[in-house]
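Report on the following structure.
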Amino acid sequence: MANTPHPTAERIHQVARRLFVKRSYSDVTMDEIAVKAQITKGALYHHFKSKEALYLAMMEADLSEKQGLFNKAVTTGGSAQQRLEILTRTFLDLSVEKKRISGLIRRDINTISLKARTRLLEMYQEALPSQVQSIIEEGIAEGEIRPVDARLLSFSFISLVEHTISQHGTRTLKDNDEKIQFVIGLLFNGIAAKK
């Protein structure tokens with residue numbers, strides 16, 4: 001969000017984030033959000049006309065923040081590999097809640113209207129896949145990455161990163177350095193055994 005949000009709206013966002021991360025979009029009610037935010041239902045509807053409007057505003061704020069953070073990796077100097085490492089570390093250094101918010105898009109996408117779904121996917125695309133894709137395209141242009149479909153590779157890369165924060169990924173890869181080495185190593189070196 002370009003403007004500083006109203007303190008009540010920010011409190012609503014915080015409560016909504018916690019609830020939506022814990023439970024699905026369908027299971028969270030505006031009544032519950034109002035109670036947890038310690039405001040009246042009228043005050044809640046003053047700031048957000050519907051649960052969907054609140055959800056989109058919350059996601060837009062989160063994705064806008066992430067876009068700004070991830071853009072630093074895109075605009076910094078260095079190789080594609082170095083910039084993808086920076087982007088990955090930036091994501092992995094986010095709080096658990098902030099990392100999980102990205103997963104809400106896949107989980108809840110079919111429970112919101114087509115118009116909201118389209119907007120949410122556009123915001124997500126701008127925040128992450130487009131930025132990864134631009135790094136990959138530059139890596140291809142520089143000869144660092146073999147010519148492949150950069151969009152497909154960007155989504156594959158994001159999937160690899162997201163799997164490192166799964167329960168199994170966290171049990172297997174003990175810290176962010178191991179997670180980064182796993183993702184970057186797999187992307188740039190593949191899975192073939194060295195002979």
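Here's how to read the names in the structure tokens: chain A, B, ... by the order shown, residue numbers from 1 in each chain, ligand numbers from 1 in the order shown.
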Handout entry: Contacts of Leu92 of chain A within 10 Å, only C-alpha atoms, excl. fewer than 5 positions in-chain, as a ChimeraX atom specification
Key = /A:86-87,98-99,161-162,164-165,175-177,179-180
Grab the residues selected above and save them as a PDB file, in the first residue's frame with N, CA and C atoms.
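Written out: again-v5.pdb:
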ATOM      1  N   ILE A  86      20.164 -14.323  -3.393  1.00  0.00           N
ATOM      2  CA  ILE A  86      19.698 -13.186  -2.591  1.00  0.00           C
ATOM      3  C   ILE A  86      18.181 -13.220  -2.464  1.00  0.00           C
ATOM      4  N   LEU A  87      17.493 -13.445  -3.567  1.00  0.00           N
ATOM      5  CA  LEU A  87      16.033 -13.498  -3.544  1.00  0.00           C
ATOM      6  C   LEU A  87      15.549 -14.626  -2.639  1.00  0.00           C
ATOM      7  N   LYS A  98       4.582 -14.718   7.301  1.00  0.00           N
ATOM      8  CA  LYS A  98       4.750 -14.054   5.997  1.00  0.00           C
ATOM      9  C   LYS A  98       5.028 -15.073   4.889  1.00  0.00           C
ATOM     10  N   LYS A  99       5.797 -16.118   5.201  1.00  0.00           N
ATOM     11  CA  LYS A  99       6.056 -17.148   4.196  1.00  0.00           C
ATOM     12  C   LYS A  99       4.777 -17.914   3.873  1.00  0.00           C
ATOM     13  N   VAL A 161      11.726 -23.589  -3.885  1.00  0.00           N
ATOM     14  CA  VAL A 161      11.910 -22.793  -2.668  1.00  0.00           C
ATOM     15  C   VAL A 161      10.780 -23.074  -1.686  1.00  0.00           C
ATOM     16  N   GLU A 162       9.546 -23.090  -2.171  1.00  0.00           N
ATOM     17  CA  GLU A 162       8.408 -23.318  -1.283  1.00  0.00           C
ATOM     18  C   GLU A 162       8.456 -24.691  -0.636  1.00  0.00           C
ATOM     19  N   THR A 164      11.096 -26.213   0.310  1.00  0.00           N
ATOM     20  CA  THR A 164      12.098 -26.249   1.389  1.00  0.00           C
ATOM     21  C   THR A 164      11.506 -25.808   2.722  1.00  0.00           C
ATOM     22  N   ILE A 165      10.376 -25.080   2.703  1.00  0.00           N
ATOM     23  CA  ILE A 165       9.771 -24.640   3.969  1.00  0.00           C
ATOM     24  C   ILE A 165       8.648 -25.573   4.418  1.00  0.00           C
ATOM     25  N   ASP A 175      18.848 -25.376   8.069  1.00  0.00           N
ATOM     26  CA  ASP A 175      18.835 -23.913   8.171  1.00  0.00           C
ATOM     27  C   ASP A 175      18.713 -23.304   6.780  1.00  0.00           C
ATOM     28  N   ASN A 176      18.610 -21.996   6.738  1.00  0.00           N
ATOM     29  CA  ASN A 176      18.418 -21.309   5.458  1.00  0.00           C
ATOM     30  C   ASN A 176      19.587 -21.517   4.502  1.00  0.00           C
ATOM     31  N   ASP A 177      20.805 -21.597   5.027  1.00  0.00           N
ATOM     32  CA  ASP A 177      21.954 -21.829   4.145  1.00  0.00           C
ATOM     33  C   ASP A 177      21.829 -23.170   3.421  1.00  0.00           C
ATOM     34  N   LYS A 179      19.041 -24.752   2.806  1.00  0.00           N
ATOM     35  CA  LYS A 179      17.914 -24.635   1.879  1.00  0.00           C
ATOM     36  C   LYS A 179      18.339 -23.919   0.599  1.00  0.00           C
ATOM     37  N   ILE A 180      19.095 -22.850   0.754  1.00  0.00           N
ATOM     38  CA  ILE A 180      19.568 -22.097  -0.416  1.00  0.00           C
ATOM     39  C   ILE A 180      20.497 -22.953  -1.260  1.00  0.00           C
TER      40      ILE A 180
END
Exercise for the section: Extract, using only C-alpha atoms, all DNA, RNA and protein residues at most 10 Å from Arg100 of chain A, discarding same-chain residues fewer than 2 positions from it, and format them as a PyMOL selection string. Expected result: chain A and resi 17+20-22+94-98+102-105+162+165-166
Can you tell me which residues surround segment 124-140 of chain A at a distance of at most 7 Å, considering only C-alpha atoms, apart from same-chain residues fewer than 2 positions away, and format the answer as a PDB file with N, CA and C atoms, in the first residue's frame?
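Ended up saving to part_32.pdb:
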ATOM      1  N   LEU A  63       1.815  -8.699  -0.663  1.00  0.00           N
ATOM      2  CA  LEU A  63       2.520  -8.895  -1.930  1.00  0.00           C
ATOM      3  C   LEU A  63       3.287  -7.646  -2.356  1.00  0.00           C
ATOM      4  N   SER A  64       2.757  -6.479  -2.043  1.00  0.00           N
ATOM      5  CA  SER A  64       3.465  -5.233  -2.343  1.00  0.00           C
ATOM      6  C   SER A  64       4.765  -5.148  -1.542  1.00  0.00           C
ATOM      7  N   LYS A  66       6.459  -7.719  -0.338  1.00  0.00           N
ATOM      8  CA  LYS A  66       7.367  -8.734  -0.878  1.00  0.00           C
ATOM      9  C   LYS A  66       7.958  -8.299  -2.208  1.00  0.00           C
ATOM     10  N   GLN A  67       7.154  -7.665  -3.041  1.00  0.00           N
ATOM     11  CA  GLN A  67       7.662  -7.194  -4.327  1.00  0.00           C
ATOM     12  C   GLN A  67       8.815  -6.223  -4.117  1.00  0.00           C
ATOM     13  N   ASN A  71      12.525  -7.169  -5.296  1.00  0.00           N
ATOM     14  CA  ASN A  71      13.054  -6.320  -6.359  1.00  0.00           C
ATOM     15  C   ASN A  71      14.521  -5.954  -6.113  1.00  0.00           C
ATOM     16  N   VAL A  74      16.599  -8.383  -7.851  1.00  0.00           N
ATOM     17  CA  VAL A  74      16.563  -8.202  -9.299  1.00  0.00           C
ATOM     18  C   VAL A  74      17.504  -7.084  -9.724  1.00  0.00           C
ATOM     19  N   ALA A  80      23.158 -14.220 -12.320  1.00  0.00           N
ATOM     20  CA  ALA A  80      21.792 -14.706 -12.062  1.00  0.00           C
ATOM     21  C   ALA A  80      21.790 -15.609 -10.840  1.00  0.00           C
ATOM     22  N   LEU A 120      -5.804 -10.996  -7.682  1.00  0.00           N
ATOM     23  CA  LEU A 120      -4.850 -11.644  -6.789  1.00  0.00           C
ATOM     24  C   LEU A 120      -3.726 -12.308  -7.585  1.00  0.00           C
ATOM     25  N   LEU A 121      -4.069 -12.982  -8.656  1.00  0.00           N
ATOM     26  CA  LEU A 121      -3.046 -13.624  -9.482  1.00  0.00           C
ATOM     27  C   LEU A 121      -2.128 -12.607 -10.147  1.00  0.00           C
ATOM     28  N   GLU A 122      -2.687 -11.473 -10.567  1.00  0.00           N
ATOM     29  CA  GLU A 122      -1.849 -10.404 -11.141  1.00  0.00           C
ATOM     30  C   GLU A 122      -0.867  -9.873 -10.100  1.00  0.00           C
ATOM     31  N   GLU A 142      23.002 -13.801 -20.810  1.00  0.00           N
ATOM     32  CA  GLU A 142      24.436 -13.768 -20.487  1.00  0.00           C
ATOM     33  C   GLU A 142      25.116 -15.121 -20.692  1.00  0.00           C
ATOM     34  N   GLY A 143      24.354 -16.153 -21.043  1.00  0.00           N
ATOM     35  CA  GLY A 143      24.928 -17.479 -21.246  1.00  0.00           C
ATOM     36  C   GLY A 143      25.154 -18.249 -19.961  1.00  0.00           C
ATOM     37  N   GLU A 144      24.640 -17.753 -18.864  1.00  0.00           N
ATOM     38  CA  GLU A 144      24.796 -18.436 -17.567  1.00  0.00           C
ATOM     39  C   GLU A 144      23.780 -19.573 -17.408  1.00  0.00           C
ATOM     40  N   ILE A 145      22.638 -19.423 -18.050  1.00  0.00           N
ATOM     41  CA  ILE A 145      21.572 -20.424 -17.998  1.00  0.00           C
ATOM     42  C   ILE A 145      21.276 -20.817 -19.436  1.00  0.00           C
ATOM     43  N   ARG A 146      21.121 -22.112 -19.667  1.00  0.00           N
ATOM     44  CA  ARG A 146      20.834 -22.554 -21.036  1.00  0.00           C
ATOM     45  C   ARG A 146      19.461 -22.055 -21.461  1.00  0.00           C
ATOM     46  N   PRO A 147      19.266 -21.858 -22.753  1.00  0.00           N
ATOM     47  CA  PRO A 147      17.977 -21.349 -23.237  1.00  0.00           C
ATOM     48  C   PRO A 147      16.836 -22.311 -22.908  1.00  0.00           C
ATOM     49  N   ALA A 150      11.720 -19.275 -19.758  1.00  0.00           N
ATOM     50  CA  ALA A 150      12.034 -18.586 -18.497  1.00  0.00           C
ATOM     51  C   ALA A 150      10.845 -18.556 -17.548  1.00  0.00           C
ATOM     52  N   ARG A 151       9.650 -18.467 -18.080  1.00  0.00           N
ATOM     53  CA  ARG A 151       8.464 -18.445 -17.213  1.00  0.00           C
ATOM     54  C   ARG A 151       8.288 -19.788 -16.518  1.00  0.00           C
ATOM     55  N   SER A 154      10.903 -20.148 -13.908  1.00  0.00           N
ATOM     56  CA  SER A 154      10.669 -19.309 -12.730  1.00  0.00           C
ATOM     57  C   SER A 154       9.661 -19.961 -11.794  1.00  0.00           C
ATOM     58  N   PHE A 155       8.601 -20.557 -12.333  1.00  0.00           N
ATOM     59  CA  PHE A 155       7.625 -21.243 -11.475  1.00  0.00           C
ATOM     60  C   PHE A 155       8.220 -22.503 -10.858  1.00  0.00           C
TER      61      PHE A 155
END
Exercise for the section: Rank A:Arg119, A:Arg106, A:Lys36, A:His6 by their smallest atom-to-atom distance to Ser24 of chain A, using only C-alpha atoms, and report the top residue only. Expected result: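 Once distances to Ser24 of chain A are computed over only C-alpha atoms, the minimum belongs to A:Arg106.
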Handout entry: Glu85 of chain A surroundings by only C-alpha atoms, 9 Å radius, close-in-sequence under 2 positions cut, as a PyMOL selection string
Key = chain A and resi 73+80-83+87-90+180-181+183-184
Handout entry: Selected residue of minimal separation from Ser156 of chain A among A:Leu186, A:Leu19, A:Thr29, A:Glu178, counting only C-alpha atoms
Key =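 Under the stated criterion, the closest residue is A:Leu186.
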Handout entry: DSSP-assigned helix (DSSP H, G or I) members of segment 28-165 of chain A, reported as a VMD selection string
Key = chain A and resid 30 to 37 41 to 47 51 to 75 80 to 92 96 to 111 114 to 127 129 to 141 150 to 164
